[in-house]
Amino acid sequence: MNTSEKPSKETTEKWHKDPKNWKMGLFYYNPEDKRLLPPKRIAWMGLTVNFANTKSVLLFSSLLILAIIVIVFKKY
């Protein structure tokens, strides 16, 4: 598959249902999936991080660091 082309609905559903793409049943890890925030295992619960995608992990880390900074400085 061309990296610039969007995967088909069938492909994304196959990835989502494949238990090999879910580490410990909680963490989505699929190097083929280039989406930043794919749906969680139970889709109505929102989005998750694709830990195989560097950009997705950087986004998650940035938001986590921002949340920590806000919590720490809110005390002062």
# chains A, B, ... in the order shown; residues from 1 in each chain; ligands from 1
call {"tool": "residues_around", "arguments": {"residues": "Lys55 of chain A", "least_positions_apart": "2", "cutoff": "12 Å", "atoms": "only C-alpha atoms", "output": "ChimeraX atom specification"}}
result
/A:31,33-37,49-53,57-62
call {"tool": "closest_residue", "arguments": {"among": "A:Lys40, A:Lys74, A:Gly25, A:Asn30", "to": "Thr54 of chain A", "atoms": "only C-alpha atoms"}}
result
A:Asn30
call {"tool": "select_by_dssp", "arguments": {"residues": "chain A", "states": "helix (DSSP H, G or I)", "output": "ChimeraX atom specification"}}
result
/A:9-17,19-21,43-45,54-74
call {"tool": "select_by_dssp", "arguments": {"residues": "chain A", "states": "strand (DSSP E or B)", "output": "PyMOL selection string"}}
result
chain A and resi 22-23+27-28+39+47+50
call {"tool": "residues_around", "arguments": {"residues": "Arg41 of chain A", "least_positions_apart": "5", "cutoff": "10 Å", "atoms": "only C-alpha atoms", "output": "PDB file with all heavy atoms, in the first residue's frame"}}
result
ATOM      1  N   HIS A  16      -8.075  -3.363  13.173  1.00  0.00           N
ATOM      2  CA  HIS A  16      -8.706  -3.123  14.466  1.00  0.00           C
ATOM      3  C   HIS A  16      -9.103  -4.427  15.157  1.00  0.00           C
ATOM      4  O   HIS A  16      -8.975  -4.570  16.370  1.00  0.00           O
ATOM      5  CB  HIS A  16      -9.926  -2.218  14.277  1.00  0.00           C
ATOM      6  CG  HIS A  16     -10.479  -1.681  15.543  1.00  0.00           C
ATOM      7  ND1 HIS A  16     -11.565  -2.242  16.143  1.00  0.00           N
ATOM      8  CD2 HIS A  16     -10.092  -0.652  16.327  1.00  0.00           C
ATOM      9  CE1 HIS A  16     -11.833  -1.577  17.248  1.00  0.00           C
ATOM     10  NE2 HIS A  16     -10.954  -0.602  17.377  1.00  0.00           N
ATOM     11  N   LYS A  17      -9.568  -5.391  14.382  1.00  0.00           N
ATOM     12  CA  LYS A  17     -10.035  -6.655  14.951  1.00  0.00           C
ATOM     13  C   LYS A  17      -8.910  -7.658  15.212  1.00  0.00           C
ATOM     14  O   LYS A  17      -9.111  -8.621  15.947  1.00  0.00           O
ATOM     15  CB  LYS A  17     -11.072  -7.288  14.022  1.00  0.00           C
ATOM     16  CG  LYS A  17     -12.362  -6.511  13.975  1.00  0.00           C
ATOM     17  CD  LYS A  17     -13.351  -7.129  13.020  1.00  0.00           C
ATOM     18  CE  LYS A  17     -14.617  -6.292  12.964  1.00  0.00           C
ATOM     19  NZ  LYS A  17     -15.560  -6.815  11.979  1.00  0.00           N
ATOM     20  N   PRO A  19      -6.130  -9.359  16.992  1.00  0.00           N
ATOM     21  CA  PRO A  19      -5.615  -9.310  18.370  1.00  0.00           C
ATOM     22  C   PRO A  19      -4.104  -9.099  18.445  1.00  0.00           C
ATOM     23  O   PRO A  19      -3.592  -8.642  19.463  1.00  0.00           O
ATOM     24  CB  PRO A  19      -6.015 -10.660  18.965  1.00  0.00           C
ATOM     25  CG  PRO A  19      -6.490 -11.500  17.848  1.00  0.00           C
ATOM     26  CD  PRO A  19      -6.748 -10.623  16.675  1.00  0.00           C
ATOM     27  N   TRP A  22      -3.063  -5.526  19.358  1.00  0.00           N
ATOM     28  CA  TRP A  22      -3.411  -5.019  20.689  1.00  0.00           C
ATOM     29  C   TRP A  22      -2.515  -5.695  21.717  1.00  0.00           C
ATOM     30  O   TRP A  22      -2.666  -6.868  22.026  1.00  0.00           O
ATOM     31  CB  TRP A  22      -4.890  -5.287  20.997  1.00  0.00           C
ATOM     32  CG  TRP A  22      -5.786  -4.503  20.106  1.00  0.00           C
ATOM     33  CD1 TRP A  22      -6.329  -4.909  18.937  1.00  0.00           C
ATOM     34  CD2 TRP A  22      -6.213  -3.157  20.300  1.00  0.00           C
ATOM     35  NE1 TRP A  22      -7.076  -3.905  18.392  1.00  0.00           N
ATOM     36  CE2 TRP A  22      -7.032  -2.815  19.201  1.00  0.00           C
ATOM     37  CE3 TRP A  22      -5.990  -2.213  21.309  1.00  0.00           C
ATOM     38  CZ2 TRP A  22      -7.618  -1.570  19.077  1.00  0.00           C
ATOM     39  CZ3 TRP A  22      -6.585  -0.974  21.166  1.00  0.00           C
ATOM     40  CH2 TRP A  22      -7.382  -0.661  20.066  1.00  0.00           C
ATOM     41  N   GLY A  25      -4.010  -6.446  25.298  1.00  0.00           N
ATOM     42  CA  GLY A  25      -5.420  -6.154  25.113  1.00  0.00           C
ATOM     43  C   GLY A  25      -5.788  -4.686  25.240  1.00  0.00           C
ATOM     44  O   GLY A  25      -6.944  -4.316  25.060  1.00  0.00           O
ATOM     45  N   LEU A  26      -4.824  -3.822  25.530  1.00  0.00           N
ATOM     46  CA  LEU A  26      -5.100  -2.404  25.785  1.00  0.00           C
ATOM     47  C   LEU A  26      -4.398  -1.440  24.839  1.00  0.00           C
ATOM     48  O   LEU A  26      -4.938  -0.396  24.497  1.00  0.00           O
ATOM     49  CB  LEU A  26      -4.680  -2.032  27.207  1.00  0.00           C
ATOM     50  CG  LEU A  26      -5.394  -2.733  28.347  1.00  0.00           C
ATOM     51  CD1 LEU A  26      -4.717  -2.398  29.660  1.00  0.00           C
ATOM     52  CD2 LEU A  26      -6.845  -2.337  28.378  1.00  0.00           C
ATOM     53  N   PHE A  27      -3.178  -1.754  24.460  1.00  0.00           N
ATOM     54  CA  PHE A  27      -2.334  -0.823  23.716  1.00  0.00           C
ATOM     55  C   PHE A  27      -2.294  -1.196  22.242  1.00  0.00           C
ATOM     56  O   PHE A  27      -1.889  -2.304  21.891  1.00  0.00           O
ATOM     57  CB  PHE A  27      -0.918  -0.796  24.295  1.00  0.00           C
ATOM     58  CG  PHE A  27      -0.884  -0.448  25.746  1.00  0.00           C
ATOM     59  CD1 PHE A  27      -0.683  -1.424  26.703  1.00  0.00           C
ATOM     60  CD2 PHE A  27      -1.085   0.853  26.162  1.00  0.00           C
ATOM     61  CE1 PHE A  27      -0.669  -1.110  28.053  1.00  0.00           C
ATOM     62  CE2 PHE A  27      -1.069   1.178  27.504  1.00  0.00           C
ATOM     63  CZ  PHE A  27      -0.859   0.199  28.449  1.00  0.00           C
ATOM     64  N   TYR A  28      -2.693  -0.261  21.388  1.00  0.00           N
ATOM     65  CA  TYR A  28      -2.714  -0.497  19.946  1.00  0.00           C
ATOM     66  C   TYR A  28      -1.314  -0.305  19.398  1.00  0.00           C
ATOM     67  O   TYR A  28      -0.678   0.729  19.610  1.00  0.00           O
ATOM     68  CB  TYR A  28      -3.695   0.471  19.283  1.00  0.00           C
ATOM     69  CG  TYR A  28      -3.897   0.219  17.813  1.00  0.00           C
ATOM     70  CD1 TYR A  28      -4.561  -0.918  17.385  1.00  0.00           C
ATOM     71  CD2 TYR A  28      -3.445   1.112  16.868  1.00  0.00           C
ATOM     72  CE1 TYR A  28      -4.763  -1.158  16.035  1.00  0.00           C
ATOM     73  CE2 TYR A  28      -3.646   0.892  15.520  1.00  0.00           C
ATOM     74  CZ  TYR A  28      -4.301  -0.254  15.110  1.00  0.00           C
ATOM     75  OH  TYR A  28      -4.499  -0.479  13.777  1.00  0.00           O
ATOM     76  N   GLY A  46     -14.003   6.298  22.088  1.00  0.00           N
ATOM     77  CA  GLY A  46     -13.105   7.356  21.634  1.00  0.00           C
ATOM     78  C   GLY A  46     -11.912   6.847  20.853  1.00  0.00           C
ATOM     79  O   GLY A  46     -11.991   5.835  20.156  1.00  0.00           O
ATOM     80  N   LEU A  47     -10.803   7.550  21.008  1.00  0.00           N
ATOM     81  CA  LEU A  47      -9.601   7.262  20.236  1.00  0.00           C
ATOM     82  C   LEU A  47      -8.479   6.776  21.139  1.00  0.00           C
ATOM     83  O   LEU A  47      -8.498   6.997  22.344  1.00  0.00           O
ATOM     84  CB  LEU A  47      -9.158   8.529  19.501  1.00  0.00           C
ATOM     85  CG  LEU A  47     -10.196   9.144  18.567  1.00  0.00           C
ATOM     86  CD1 LEU A  47      -9.702  10.480  18.043  1.00  0.00           C
ATOM     87  CD2 LEU A  47     -10.529   8.213  17.430  1.00  0.00           C
ATOM     88  N   THR A  48      -7.488   6.153  20.519  1.00  0.00           N
ATOM     89  CA  THR A  48      -6.327   5.679  21.247  1.00  0.00           C
ATOM     90  C   THR A  48      -5.068   6.071  20.494  1.00  0.00           C
ATOM     91  O   THR A  48      -5.126   6.618  19.396  1.00  0.00           O
ATOM     92  CB  THR A  48      -6.388   4.147  21.456  1.00  0.00           C
ATOM     93  OG1 THR A  48      -5.353   3.757  22.351  1.00  0.00           O
ATOM     94  CG2 THR A  48      -6.243   3.389  20.149  1.00  0.00           C
TER      95      THR A  48
END
